[in-house]
$ cat target.cif   # mmCIF, C-alpha atoms
data_entry
#
loop_
_atom_site.label_atom_id
_atom_site.label_comp_id
_atom_site.auth_asym_id
_atom_site.auth_seq_id
_atom_site.Cartn_x
_atom_site.Cartn_y
_atom_site.Cartn_z
CA MET L 11 14.03 -1.08 -12.79
CA SER L 12 10.95 1.04 -12.74
CA ILE L 13 7.94 0.10 -10.66
CA ASP L 14 4.59 0.80 -12.30
CA ILE L 15 2.47 1.14 -9.17
CA GLY L 16 -0.77 1.09 -11.17
CA LYS L 17 0.15 -2.19 -12.81
CA THR L 18 1.24 -3.54 -9.43
CA ILE L 19 -2.08 -2.56 -7.85
CA ALA L 20 -3.94 -4.25 -10.71
CA THR L 21 -1.88 -7.42 -10.29
CA VAL L 22 -2.40 -7.51 -6.52
CA ARG L 23 -6.13 -6.82 -6.96
CA LYS L 24 -6.49 -9.71 -9.38
CA SER L 25 -4.46 -12.03 -7.16
CA LYS L 26 -6.79 -11.17 -4.26
CA GLY L 27 -9.87 -11.83 -6.41
CA PHE L 28 -11.30 -8.31 -6.42
CA THR L 29 -12.94 -6.59 -9.37
CA GLN L 30 -12.34 -2.95 -10.22
CA ALA L 31 -15.96 -2.25 -9.26
CA GLU L 32 -15.46 -3.79 -5.81
CA MET L 33 -12.28 -1.78 -5.28
CA ALA L 34 -13.95 1.45 -6.34
CA LYS L 35 -16.84 0.81 -3.96
CA ALA L 36 -14.47 0.05 -1.07
CA LEU L 37 -12.54 3.27 -1.78
CA LYS L 38 -15.76 5.27 -2.24
CA ILE L 39 -14.73 6.45 -5.70
CA THR L 40 -16.10 5.81 -9.18
CA GLN L 41 -14.94 2.84 -11.17
CA ALA L 42 -13.52 5.26 -13.76
CA ALA L 43 -11.44 6.95 -11.03
CA TYR L 44 -10.20 3.57 -9.84
CA SER L 45 -9.32 2.56 -13.40
CA LYS L 46 -7.12 5.67 -13.64
CA ILE L 47 -5.17 4.41 -10.61
CA GLU L 48 -4.44 1.09 -12.30
CA CYS L 49 -3.60 2.79 -15.60
CA SER L 50 -1.22 5.15 -13.77
CA SER L 51 -3.19 8.07 -15.21
CA THR L 52 -3.36 9.66 -11.78
CA ASN L 53 -0.89 9.98 -8.94
CA VAL L 54 -1.41 7.62 -6.03
CA THR L 55 -0.97 9.30 -2.65
CA MET L 56 0.49 7.55 0.38
CA SER L 57 -2.91 7.67 2.08
CA ARG L 58 -4.50 6.01 -0.97
CA LEU L 59 -1.75 3.36 -0.93
CA GLU L 60 -2.53 2.73 2.73
CA GLU L 61 -6.24 2.34 1.91
CA LEU L 62 -5.45 -0.07 -0.92
CA ALA L 63 -3.07 -2.08 1.25
CA ALA L 64 -5.73 -2.33 3.96
CA ILE L 65 -8.28 -3.64 1.46
CA PHE L 66 -5.72 -6.18 0.24
CA GLN L 67 -4.98 -7.05 3.89
CA MET L 68 -1.35 -6.17 3.27
CA GLU L 69 1.10 -3.57 4.50
CA VAL L 70 2.22 -0.86 2.06
CA ASP L 71 5.73 -2.32 1.92
CA GLN L 72 4.24 -5.70 0.99
CA VAL L 73 2.58 -4.08 -2.03
CA PHE L 74 5.99 -2.75 -3.11
CA ASN L 75 7.62 -6.11 -2.38
CA PHE L 76 4.97 -7.68 -4.60
CA ALA L 77 6.03 -5.27 -7.34
CA ILE L 78 9.68 -6.13 -6.92
CA GLU L 79 9.09 -9.89 -6.71
CA ASN L 80 6.83 -9.85 -9.75
CA PHE L 81 8.84 -7.45 -11.88
CA SER L 82 8.54 -8.78 -15.43
CA ASP L 83 12.04 -7.81 -16.57
CA LYS L 84 14.03 -10.16 -14.34
CA SER L 85 17.21 -9.24 -16.21
CA ALA L 86 17.10 -5.74 -14.68
CA GLY L 87 17.55 -7.42 -11.34
CA ARG L 88 18.00 -4.38 -9.12
CA LEU L 89 16.33 -1.14 -8.24
CA SER L 90 18.02 2.07 -9.31
CA GLU L 91 19.60 4.07 -6.51
CA SER L 92 16.70 6.54 -6.40
CA GLU L 93 14.11 3.73 -6.42
CA ARG L 94 15.96 1.89 -3.64
CA GLU L 95 16.11 5.15 -1.66
CA LEU L 96 12.36 5.66 -2.09
CA TYR L 97 11.70 2.06 -1.13
CA GLU L 98 13.85 2.40 2.01
CA ARG L 99 12.03 5.62 2.95
CA LEU L 100 8.68 3.87 2.52
CA LEU L 101 9.84 0.99 4.72
CA ALA L 102 11.03 3.45 7.38
CA ALA L 103 7.73 5.33 7.22
CA GLU L 104 5.78 2.08 7.52
CA LYS L 105 7.84 1.09 10.57
CA LYS L 106 7.27 4.49 12.17
CA ILE L 107 3.52 4.27 11.49
CA SER L 108 3.43 0.80 13.08
CA GLU L 109 5.31 2.07 16.13
CA LEU L 110 2.97 5.06 16.47
CA GLN L 111 -0.06 2.80 16.15
CA ALA L 112 1.31 0.49 18.84
CA ARG L 113 1.91 3.45 21.17
CA ARG L 114 -1.58 4.79 20.46
CA ILE L 115 -3.13 1.40 21.25
CA ALA L 116 -1.12 1.18 24.47
CA ASP L 117 -2.25 4.69 25.46
CA LEU L 118 -5.88 3.81 24.75
CA GLU L 119 -5.58 0.61 26.79
CA LYS L 120 -4.17 2.63 29.71
CA MET L 121 -7.05 5.09 29.45
CA LEU L 122 -9.58 2.24 29.45
CA ARG L 123 -7.94 0.63 32.49
CA PHE L 124 -7.94 3.98 34.28
CA LYS L 125 -11.65 4.52 33.55
CA ASN L 126 -12.47 1.04 34.87
CA PHE L 127 -11.05 1.92 38.31
#

$ encode --input "target.cif" --output "structure tokens"
Amino acid sequence: MSIDIGKTIATVRKSKGFTQAEMAKALKITQAAYSKIECSSTNVTMSRLEELAAIFQMEVDQVFNFAIENFSDKSAGRLSESERELYERLLAAEKKISELQARRIADLEKMLRFKNF
């Protein structure tokens, strides 16, 4: 199975009710540049995926899960070993980011409590 991230982004965008113009504006890029993302004419960086996921009010792994769950060739059934490995690395990275964010929030809360004394 091969995941077409551009097609996935387009599908998620449509399911969330956004237009390409709205997405481009939210990302502060031109509509033509956004169209290239959905057409897979440009590489999508992890930071861009994070921005897209935030706009969709999803986590990055949820975007990939959406791709897997909505894969049109159901007979393929499984990810290839390299795709599964990439997916697992993305999940691990997402978990680490969440943990770091939680620690950062806790540190900021401690600083605020300290300043209030």

$ resolve_selection --input "target.cif" --expression "the PyMOL selection byres ((chain L and resi 32-43) around 12)" --output "PyMOL selection string"
chain L and resi 19-20+22-24+26-31+44-54+57-66

$ closest_residue --input "target.cif" --among "L:Met56, L:Met68, L:Ala116, L:Met121" --to "L:Leu100" --atoms "all atoms listed in the file"
L:Met56

$ atom_distance --input "target.cif" --atom1 "atom CA of L:Ile115" --atom2 "atom CA of L:Val73"
24.6 Å
